[in-house]
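start-v3.pdb (PDB, C-alpha atoms, pLDDT in the B column) appears below.
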```
MODEL        1
ATOM      1  CA  MET V  64     155.295 157.471  59.141  1.00 84.00           C
ATOM      2  CA  SER V  65     156.596 160.967  59.733  1.00 92.00           C
ATOM      3  CA  ILE V  66     157.177 163.852  57.364  1.00 95.00           C
ATOM      4  CA  THR V  67     160.964 163.363  57.676  1.00 95.00           C
ATOM      5  CA  ASP V  68     160.591 159.871  56.197  1.00 96.00           C
ATOM      6  CA  ILE V  69     159.633 161.639  52.947  1.00 97.00           C
ATOM      7  CA  LEU V  70     161.346 165.047  53.126  1.00 98.00           C
ATOM      8  CA  SER V  71     164.895 165.844  54.200  1.00 97.00           C
ATOM      9  CA  PRO V  72     165.083 167.470  57.661  1.00 97.00           C
ATOM     10  CA  SER V  73     167.605 170.012  56.325  1.00 98.00           C
ATOM     11  CA  ASP V  74     165.249 170.958  53.456  1.00 98.00           C
ATOM     12  CA  ILE V  75     162.378 171.354  55.929  1.00 98.00           C
ATOM     13  CA  THR V  76     164.542 173.576  58.141  1.00 97.00           C
ATOM     14  CA  ALA V  77     165.527 175.732  55.140  1.00 98.00           C
ATOM     15  CA  ALA V  78     161.890 176.063  54.029  1.00 98.00           C
ATOM     16  CA  LEU V  79     160.757 177.061  57.526  1.00 98.00           C
ATOM     17  CA  ARG V  80     163.618 179.541  57.898  1.00 97.00           C
ATOM     18  CA  ASP V  81     162.563 181.194  54.627  1.00 97.00           C
ATOM     19  CA  CYS V  82     159.119 182.074  56.009  1.00 98.00           C
ATOM     20  CA  GLN V  83     159.832 182.767  59.692  1.00 96.00           C
ATOM     21  CA  ALA V  84     158.458 186.296  59.633  1.00 97.00           C
ATOM     22  CA  PRO V  85     154.674 186.775  59.546  1.00 97.00           C
ATOM     23  CA  ASP V  86     153.195 187.308  56.068  1.00 97.00           C
ATOM     24  CA  THR V  87     156.270 185.903  54.273  1.00 98.00           C
ATOM     25  CA  PHE V  88     154.858 182.423  53.568  1.00 98.00           C
ATOM     26  CA  SER V  89     154.637 181.468  49.898  1.00 97.00           C
ATOM     27  CA  HIS V  90     153.294 177.960  49.317  1.00 97.00           C
ATOM     28  CA  LYS V  91     155.086 177.640  45.959  1.00 97.00           C
ATOM     29  CA  LYS V  92     158.419 178.636  47.457  1.00 98.00           C
ATOM     30  CA  PHE V  93     157.855 176.381  50.473  1.00 98.00           C
ATOM     31  CA  PHE V  94     157.064 173.403  48.224  1.00 98.00           C
ATOM     32  CA  GLN V  95     160.248 174.029  46.212  1.00 98.00           C
ATOM     33  CA  ILE V  96     162.629 174.574  49.143  1.00 98.00           C
ATOM     34  CA  SER V  97     161.239 171.656  51.183  1.00 98.00           C
ATOM     35  CA  GLY V  98     161.508 169.328  48.175  1.00 98.00           C
ATOM     36  CA  MET V  99     157.761 168.610  48.063  1.00 98.00           C
ATOM     37  CA  SER V 100     157.461 169.768  44.444  1.00 97.00           C
ATOM     38  CA  LYS V 101     159.820 166.932  43.401  1.00 97.00           C
ATOM     39  CA  LYS V 102     157.894 164.168  45.156  1.00 98.00           C
ATOM     40  CA  SER V 103     155.751 161.542  43.455  1.00 97.00           C
ATOM     41  CA  SER V 104     151.960 161.455  43.669  1.00 95.00           C
ATOM     42  CA  SER V 105     152.099 158.589  46.175  1.00 96.00           C
ATOM     43  CA  GLN V 106     154.568 160.503  48.362  1.00 97.00           C
ATOM     44  CA  LEU V 107     152.348 163.595  48.216  1.00 97.00           C
ATOM     45  CA  LYS V 108     149.344 161.483  49.250  1.00 96.00           C
ATOM     46  CA  GLU V 109     151.317 160.367  52.302  1.00 96.00           C
ATOM     47  CA  ILE V 110     152.312 163.970  53.107  1.00 97.00           C
ATOM     48  CA  PHE V 111     148.654 164.973  52.714  1.00 97.00           C
ATOM     49  CA  ARG V 112     147.622 162.218  55.134  1.00 96.00           C
ATOM     50  CA  ILE V 113     150.133 163.566  57.697  1.00 95.00           C
ATOM     51  CA  LEU V 114     148.896 167.153  57.221  1.00 95.00           C
ATOM     52  CA  ASP V 115     145.231 166.106  57.516  1.00 96.00           C
ATOM     53  CA  ASN V 116     145.341 166.218  61.305  1.00 93.00           C
ATOM     54  CA  ASP V 117     141.771 164.984  61.898  1.00 95.00           C
ATOM     55  CA  GLN V 118     141.994 162.385  59.086  1.00 96.00           C
ATOM     56  CA  SER V 119     138.794 163.718  57.476  1.00 97.00           C
ATOM     57  CA  GLY V 120     140.214 163.394  53.958  1.00 97.00           C
ATOM     58  CA  PHE V 121     140.478 167.184  53.700  1.00 97.00           C
ATOM     59  CA  ILE V 122     142.713 169.930  55.013  1.00 97.00           C
ATOM     60  CA  GLU V 123     140.335 172.530  56.406  1.00 96.00           C
ATOM     61  CA  GLU V 124     141.156 176.182  57.096  1.00 94.00           C
ATOM     62  CA  ASP V 125     141.686 175.484  60.819  1.00 93.00           C
ATOM     63  CA  GLU V 126     144.265 172.797  59.990  1.00 94.00           C
ATOM     64  CA  LEU V 127     145.883 174.952  57.322  1.00 95.00           C
ATOM     65  CA  LYS V 128     146.825 177.722  59.742  1.00 96.00           C
ATOM     66  CA  TYR V 129     148.985 175.154  61.594  1.00 96.00           C
ATOM     67  CA  PHE V 130     150.570 173.907  58.339  1.00 97.00           C
ATOM     68  CA  LEU V 131     154.130 174.906  59.302  1.00 97.00           C
ATOM     69  CA  GLN V 132     153.791 173.264  62.721  1.00 96.00           C
ATOM     70  CA  ARG V 133     153.137 169.912  61.038  1.00 95.00           C
ATOM     71  CA  PHE V 134     156.743 170.139  59.803  1.00 96.00           C
ATOM     72  CA  GLU V 135     158.253 171.377  63.096  1.00 95.00           C
ATOM     73  CA  CYS V 136     156.493 171.777  66.449  1.00 93.00           C
ATOM     74  CA  GLY V 137     157.990 175.180  67.219  1.00 94.00           C
ATOM     75  CA  ALA V 138     157.148 176.726  63.847  1.00 97.00           C
ATOM     76  CA  ARG V 139     154.834 179.722  63.696  1.00 97.00           C
ATOM     77  CA  VAL V 140     151.125 179.704  62.866  1.00 98.00           C
ATOM     78  CA  LEU V 141     150.181 181.129  59.457  1.00 98.00           C
ATOM     79  CA  THR V 142     148.528 184.538  59.549  1.00 98.00           C
ATOM     80  CA  THR V 143     144.877 184.863  58.541  1.00 97.00           C
ATOM     81  CA  SER V 144     145.825 186.370  55.172  1.00 97.00           C
ATOM     82  CA  GLU V 145     148.438 183.644  54.505  1.00 98.00           C
ATOM     83  CA  THR V 146     145.904 180.951  55.383  1.00 97.00           C
ATOM     84  CA  LYS V 147     143.216 182.423  53.115  1.00 96.00           C
ATOM     85  CA  THR V 148     145.672 182.855  50.210  1.00 96.00           C
ATOM     86  CA  PHE V 149     146.940 179.290  50.667  1.00 97.00           C
ATOM     87  CA  LEU V 150     143.390 177.897  50.762  1.00 97.00           C
ATOM     88  CA  ALA V 151     142.315 179.883  47.691  1.00 96.00           C
ATOM     89  CA  ALA V 152     145.308 178.563  45.723  1.00 95.00           C
ATOM     90  CA  ALA V 153     144.202 174.959  46.164  1.00 94.00           C
ATOM     91  CA  ASP V 154     140.445 174.965  46.712  1.00 95.00           C
ATOM     92  CA  HIS V 155     139.381 174.577  43.084  1.00 91.00           C
ATOM     93  CA  ASP V 156     135.857 173.393  43.836  1.00 94.00           C
ATOM     94  CA  GLY V 157     135.139 176.185  46.337  1.00 94.00           C
ATOM     95  CA  ASP V 158     134.105 173.920  49.222  1.00 96.00           C
ATOM     96  CA  GLY V 159     136.356 175.702  51.726  1.00 95.00           C
ATOM     97  CA  LYS V 160     138.788 172.827  52.160  1.00 97.00           C
ATOM     98  CA  ILE V 161     141.612 171.112  50.286  1.00 97.00           C
ATOM     99  CA  GLY V 162     141.194 167.540  49.080  1.00 97.00           C
ATOM    100  CA  ALA V 163     144.070 165.176  48.283  1.00 96.00           C
ATOM    101  CA  GLU V 164     143.802 165.749  44.521  1.00 95.00           C
ATOM    102  CA  GLU V 165     143.675 169.533  44.962  1.00 96.00           C
ATOM    103  CA  PHE V 166     146.743 169.335  47.207  1.00 97.00           C
ATOM    104  CA  GLN V 167     148.722 167.360  44.616  1.00 96.00           C
ATOM    105  CA  GLU V 168     147.728 169.758  41.832  1.00 95.00           C
ATOM    106  CA  MET V 169     148.809 172.739  43.931  1.00 96.00           C
ATOM    107  CA  VAL V 170     152.192 171.212  44.850  1.00 97.00           C
ATOM    108  CA  HIS V 171     152.956 170.222  41.257  1.00 93.00           C
ATOM    109  CA  SER V 172     151.746 173.469  39.634  1.00 87.00           C
TER     110      SER V 172
ENDMDL
END
```
Translate this structure into structure tokens?
Amino acid sequence: MSITDILSPSDITAALRDCQAPDTFSHKKFFQISGMSKKSSSQLKEIFRILDNDQSGFIEEDELKYFLQRFECGARVLTTSETKTFLAAADHDGDGKIGAEEFQEMVHS
């Protein structure tokens, strides 16, 4: 399954266009524009599985910096500050990575 089986390609393009410049990424805005915030828990679990590149059950900081590229190959890498802000927004237990439940809570908050 690919991300475009769950999210509209035009919504993904709009979300990526909104944060093209470095240090303009806002996870809340990205989730809204891409349509992720309207998806069900089961759909978000599938998106999480796609984003969890090494299939460890967590999205680690190294994977998070390539978040936008999981939606489109040519997308930019998140800056260090964007990555740290994104991680802090979801990592409720402080283990330095985002679990599936934390991801769903962040998307739906």
Query - Polymer residues at most 10 Å from (159.9, 174.6, 64.6) by only C-alpha atoms, as a PyMOL selection string - result: chain V and resi 75-76+79-80+83+131-139
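Nearest residue to Phe93 in chain V among V:Leu127, V:Asp154, V:Asp117, V:Val170 is V:Val170, counting all atoms listed in the file.
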Query raised in the report: Is there a way to get, as a PyMOL selection string, all residues within 12 Å of the point (155.8, 177.1, 48.2) in file coordinates, counting all atoms listed in the file?
Result: chain V and resi 75+78-79+81-82+87-101+130-131+145+148-149+152-153+166+169-172
Query raised in the report: Nearest to Gln167 in chain V among V:Leu107, V:Leu114, V:Ile69, V:Leu141, with distances taken over all atoms listed in the file: which residue is it?
Result: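 Going through V:Leu107, V:Leu114, V:Ile69, V:Leu141 one by one, the smallest distance to Gln167 in chain V is for V:Leu107.
Our summary of the geometry notes that CA of Ser65 in chain V is positioned 17.2 Å from CA of Ile122 in chain V.
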Query raised in the report: Exactly which residues make up the result of the PyMOL selection byres ((chain V and resi 158-163) around 9) on this file, given as a list in words?
Result: Leu107, Lys108, Phe111, Arg112, Gly120, Phe121, Ile122, Glu123, Glu124, Leu150, Ala151, Ala153, Asp154, His155, Asp156, Gly157, Glu164, Glu165, Phe166, Gln167 and Glu168 of chain V
Query - d(CA of Asn116 in chain V, CA of Thr67 in chain V) in Å - result: 16.3 Å
**Report entry** CA of Asp86 in chain V to CA of Thr142 in chain V, distance in Å rounded to a single decimal
**Finding:** 6.4 Å
Padding of 5 Å on every side, edges along x, y and z, all listed atoms of range 112-120 of chain V included: what centre and edge lengths in Å, to one decimal, does that box have, as AutoDock Vina command-line options?
```
--center_x 144.5 --center_y 164.7 --center_z 57.9 --size_x 21.3 --size_y 14.9 --size_z 17.9
```
